[in-house]
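Structure record follows, encoded as C-alpha cells.
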Amino acid sequence: MITPDQTALVLLAAGRSRRFNDGDKLAEPFLDKPLAYHVVTALERVPFRARIAVVSGTALDFAALGYDVVENPDPALGQAHSLGFGVAQALGCEAVLVALADMPRVTAAHVHRLMDAADGPATIVASSDGVQPMPPALFGKDQFPALMQLEGDHGARELIMRGHHVIAPPSELVDIDTQADLRALRERYGLRTDGLPPAPVTRDEARRSD
C-alpha cells in the first residue's frame with residue numbers, strides 16, 4: 001500500500017499552451033481563481049510528503065501555495081522533459097502522483113482511490129474516463145528511472161497504458177487545451193462572459209444561418 005505521506009505530488013505546469021493560441025492558459029479565470037489553482041485547492045488537504053510544481057513562463061506563484069518550484073528552461077522538449085524534472089526532485093519518496101495543472105476538476109477523493117489501488121514500488125495506477133487512461137497517475141519508486149528517461153510530448157502515456165486504471169466521471173477529468181475547451185467548461189457552470197471572446201463562426205455554421 002502507498003500512502004500520501006510517502007508520496008510526492010508532481011504538478012506539471014510548464015506546457016507551452018500552443019493550442020490555446022494566446023496568453024497564459026493556467027492564469028485564465030475560472031470561477032473564483034486561476035485555472036491552475038483549482039487542482040491545487042482540491043488536493044491541498046491530501047498530506048503529501050512533498051509538493052513539486054514544474055513551471056515555465058507563468059506568473060502564478062506556486063511557491064506561495066506550498067510547492068517546491070522547478071523551472072523547466074525548455075518546455076519545447078515536451079511534457080516528458082517536465083515530468084523528468086519533477087521526478088528527479090522526488091527521489092527518496094516511495095511514489096509520485098503526477099497531476100496536470102490544466103485539469104481543474106480533479107478531486108481528492110479520486111486521488112485517494114488511485115492510492116487505494118496501488119500495490120507496491122512497481123505501481124502504475126492511472127485515471128480513466130472509461131475510454132482511455134490519463135493523469136492523474138500514481139507511479140511507485142521502481143518506475144522513477146523509466147519516468148526520467150521519457151522523451152517527447154506524450155509524457156508517460158505508454159507506461160500508463162499498461163497500468164491499472166481507476167475510472168472517474170469524464171467531468172472530473174476534463175483537460176483544458178484550447179479556448180473552446182475553457183469556453184465549454186465555463187458555459188457548463190453558467191459563466192458565459194468571464195473572459196473569453198465569442199467563439200468564431202465556422203464556415204459550415206455560416207452556411208446554415210444563410
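The chains in the C-alpha cells are called A, B, ... from first to last as shown; in each chain the residues are counted from 1, and the ligands are counted from 1 in the order shown.
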
Got a sec: who's within 10 Å of Thr41 in chain A, counting only C-alpha atoms, leaving out chain neighbours fewer than 5 positions off, as a PyMOL selection string? chain A and resi 33+36+65+104+106-108

All strand (DSSP E) positions in range 21-197 of chain A, as a ChimeraX atom specification: /A:29-30,33-34,50-55,68-71,95-100,124-128,133-140,164-167

Could the residues in this selection be written to a file with C-alpha atoms, as a CSV table (one decimal), in the first residue's frame?
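And here's selection14.csv as it stands now:
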```csv
chain,number,residue,atom,x,y,z
A,29,PRO,CA,-10.0,32.9,-14.6
A,30,PHE,CA,-12.4,30.1,-13.9
A,33,LYS,CA,-9.4,31.6,-9.2
A,34,PRO,CA,-6.9,31.0,-11.9
A,50,ALA,CA,6.3,16.8,-0.9
A,51,ARG,CA,4.6,19.1,-3.4
A,52,ILE,CA,6.6,19.9,-6.6
A,53,ALA,CA,5.4,22.3,-9.4
A,54,VAL,CA,7.3,22.2,-12.7
A,55,VAL,CA,6.7,25.5,-14.4
A,68,ASP,CA,8.8,23.5,-4.4
A,69,VAL,CA,9.0,25.1,-7.8
A,70,VAL,CA,11.2,23.7,-10.5
A,71,GLU,CA,11.7,25.8,-13.7
A,95,ALA,CA,5.9,7.2,-5.2
A,96,VAL,CA,4.9,10.2,-7.2
A,97,LEU,CA,1.4,11.4,-8.0
A,98,VAL,CA,1.5,13.2,-11.4
A,99,ALA,CA,-1.2,15.7,-12.0
A,100,LEU,CA,-1.7,18.4,-14.7
A,124,ILE,CA,1.4,2.2,-12.1
A,125,VAL,CA,-2.2,3.4,-11.5
A,126,ALA,CA,-3.8,5.9,-13.9
A,127,SER,CA,-7.1,7.6,-14.1
A,128,SER,CA,-9.6,6.7,-16.9
A,133,PRO,CA,-6.2,6.2,-19.4
A,134,MET,CA,-4.8,9.6,-18.4
A,135,PRO,CA,-3.5,11.6,-15.5
A,136,PRO,CA,-3.6,12.0,-12.6
A,137,ALA,CA,-1.4,8.9,-12.3
A,138,LEU,CA,0.5,7.2,-9.5
A,139,PHE,CA,3.9,5.7,-10.0
A,140,GLY,CA,5.9,3.6,-7.5
A,164,HIS,CA,-4.2,-0.3,-13.5
A,165,HIS,CA,-6.9,2.1,-14.4
A,166,VAL,CA,-9.4,3.8,-11.9
A,167,ILE,CA,-12.4,5.2,-13.6
```

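Nearest residue to Asp5 in chain A, choosing from A:His112, A:His38, A:Arg49, A:Arg162 and counting only C-alpha atoms: A:Arg49.
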
Mind the document's chain letters and residue numbers, and return as number ranges by chain the residues of range 1-207 of chain A that DSSP labels helix (DSSP H, G or I). A: 4-6, 18-20, 25-27, 37-42, 63-65, 75-77, 79-89, 108-116, 141-148, 157-161, 170-172, 179-188, 203-207

Given only C-alpha atoms as the counted atoms, nearest of A:Ala146, A:Leu31, A:Ala64, A:Ala101 to Leu191 in chain A: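 Going through A:Ala146, A:Leu31, A:Ala64, A:Ala101 one by one, the smallest distance to Leu191 in chain A is for A:Leu31.
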
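Checking A:Pro121, A:Glu28, A:Leu60, A:Gly152 one by one against Cys93 in chain A, counting only C-alpha atoms, you find the shortest gap at A:Pro121.
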
Can you tell me which residues surround Asn72 in chain A at a distance of at most 12 Å, considering only C-alpha atoms, apart from same-chain residues fewer than 2 positions away, and format the answer as a VMD selection string? chain A and resid 12 to 16 53 to 58 69 to 70 74 to 86

Take the residues that were just selected and, keeping N, CA, C and O atoms, output them as a short mmCIF file (atom, residue, chain, number, x, y, z; two decimals), in the first residue's frame.
```cif
data_model
loop_
_atom_site.label_atom_id
_atom_site.label_comp_id
_atom_site.auth_asym_id
_atom_site.auth_seq_id
_atom_site.Cartn_x
_atom_site.Cartn_y
_atom_site.Cartn_z
N LEU A 12 2.43 19.27 -13.11
CA LEU A 12 3.04 19.73 -14.36
C LEU A 12 2.33 20.99 -14.84
O LEU A 12 1.14 20.96 -15.18
N ALA A 13 3.07 22.09 -14.84
CA ALA A 13 2.50 23.40 -15.18
C ALA A 13 3.43 24.15 -16.12
O ALA A 13 3.57 25.36 -16.05
N ALA A 14 4.09 23.40 -17.02
CA ALA A 14 5.10 24.02 -17.89
C ALA A 14 4.77 23.88 -19.37
O ALA A 14 5.65 24.07 -20.21
N GLY A 15 3.53 23.56 -19.70
CA GLY A 15 3.19 23.43 -21.11
C GLY A 15 3.26 24.75 -21.85
O GLY A 15 3.15 25.83 -21.25
N ARG A 16 3.43 24.68 -23.16
CA ARG A 16 3.55 25.89 -23.98
C ARG A 16 2.20 26.46 -24.40
O ARG A 16 2.13 27.53 -24.99
N ALA A 53 6.03 21.70 -8.19
CA ALA A 53 5.42 22.26 -9.39
C ALA A 53 6.51 22.51 -10.42
O ALA A 53 7.49 23.21 -10.14
N VAL A 54 6.34 21.95 -11.60
CA VAL A 54 7.28 22.19 -12.70
C VAL A 54 6.64 23.24 -13.60
O VAL A 54 5.56 23.02 -14.16
N VAL A 55 7.30 24.39 -13.74
CA VAL A 55 6.69 25.54 -14.39
C VAL A 55 7.58 26.07 -15.51
O VAL A 55 8.77 25.75 -15.60
N SER A 56 6.97 26.92 -16.33
CA SER A 56 7.73 27.64 -17.36
C SER A 56 6.89 28.82 -17.83
O SER A 56 5.79 28.64 -18.34
N GLY A 57 7.38 30.01 -17.60
CA GLY A 57 6.75 31.19 -18.17
C GLY A 57 5.38 31.52 -17.62
O GLY A 57 4.56 32.10 -18.34
N THR A 58 5.08 31.18 -16.38
CA THR A 58 3.80 31.57 -15.80
C THR A 58 4.04 32.56 -14.67
O THR A 58 5.05 32.49 -13.96
N VAL A 69 9.20 24.78 -6.38
CA VAL A 69 9.03 25.14 -7.79
C VAL A 69 10.30 24.81 -8.56
O VAL A 69 11.41 25.20 -8.17
N VAL A 70 10.12 24.08 -9.65
CA VAL A 70 11.22 23.72 -10.54
C VAL A 70 10.94 24.36 -11.90
O VAL A 70 9.87 24.16 -12.47
N ASP A 74 13.23 24.64 -21.00
CA ASP A 74 12.94 24.40 -22.41
C ASP A 74 11.70 23.52 -22.55
O ASP A 74 11.80 22.33 -22.88
N PRO A 75 10.50 24.09 -22.33
CA PRO A 75 9.28 23.27 -22.44
C PRO A 75 9.03 22.74 -23.84
O PRO A 75 8.23 21.83 -24.02
N ALA A 76 9.75 23.28 -24.84
CA ALA A 76 9.58 22.79 -26.21
C ALA A 76 10.01 21.33 -26.35
O ALA A 76 9.64 20.66 -27.31
N LEU A 77 10.77 20.83 -25.37
CA LEU A 77 11.21 19.43 -25.43
C LEU A 77 10.09 18.46 -25.05
O LEU A 77 10.26 17.25 -25.15
N GLY A 78 8.95 18.98 -24.60
CA GLY A 78 7.80 18.12 -24.36
C GLY A 78 7.50 17.86 -22.90
O GLY A 78 8.31 18.12 -22.01
N GLN A 79 6.31 17.31 -22.69
CA GLN A 79 5.84 17.05 -21.32
C GLN A 79 6.75 16.08 -20.58
O GLN A 79 6.93 16.19 -19.36
N ALA A 80 7.32 15.13 -21.30
CA ALA A 80 8.19 14.15 -20.65
C ALA A 80 9.38 14.82 -19.98
O ALA A 80 9.86 14.38 -18.93
N HIS A 81 9.87 15.89 -20.58
CA HIS A 81 11.00 16.64 -20.02
C HIS A 81 10.60 17.24 -18.67
O HIS A 81 11.35 17.16 -17.69
N SER A 82 9.41 17.83 -18.60
CA SER A 82 8.90 18.38 -17.34
C SER A 82 8.72 17.28 -16.31
O SER A 82 9.06 17.45 -15.12
N LEU A 83 8.19 16.16 -16.74
CA LEU A 83 7.98 15.04 -15.82
C LEU A 83 9.31 14.58 -15.22
O LEU A 83 9.41 14.31 -14.02
N GLY A 84 10.35 14.51 -16.04
CA GLY A 84 11.66 14.11 -15.54
C GLY A 84 12.18 15.06 -14.48
O GLY A 84 12.75 14.62 -13.47
N PHE A 85 12.00 16.37 -14.69
CA PHE A 85 12.41 17.35 -13.68
C PHE A 85 11.69 17.10 -12.36
O PHE A 85 12.29 17.15 -11.28
N GLY A 86 10.38 16.85 -12.43
CA GLY A 86 9.61 16.64 -11.22
C GLY A 86 10.00 15.39 -10.48
O GLY A 86 10.16 15.39 -9.25
#
```

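Distance annotation: of A:Tyr189, A:Gly163, A:Leu35, A:Ala180, the residue with the minimal separation from Ala117 in chain A is A:Gly163; atom set is only C-alpha atoms.
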
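Using only C-alpha atoms, the nearest neighbour of Ile176 in chain A within the list A:Asp102, A:Asp119, A:Glu151, A:Glu158 is A:Asp102.
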
Find, counting only C-alpha atoms, the residue in A:Met115, A:Leu147, A:Ala168, A:Leu26 that gets nearest to Pro4 in chain A.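 Using only C-alpha atoms, the shortest distance to Pro4 in chain A belongs to A:Met115.
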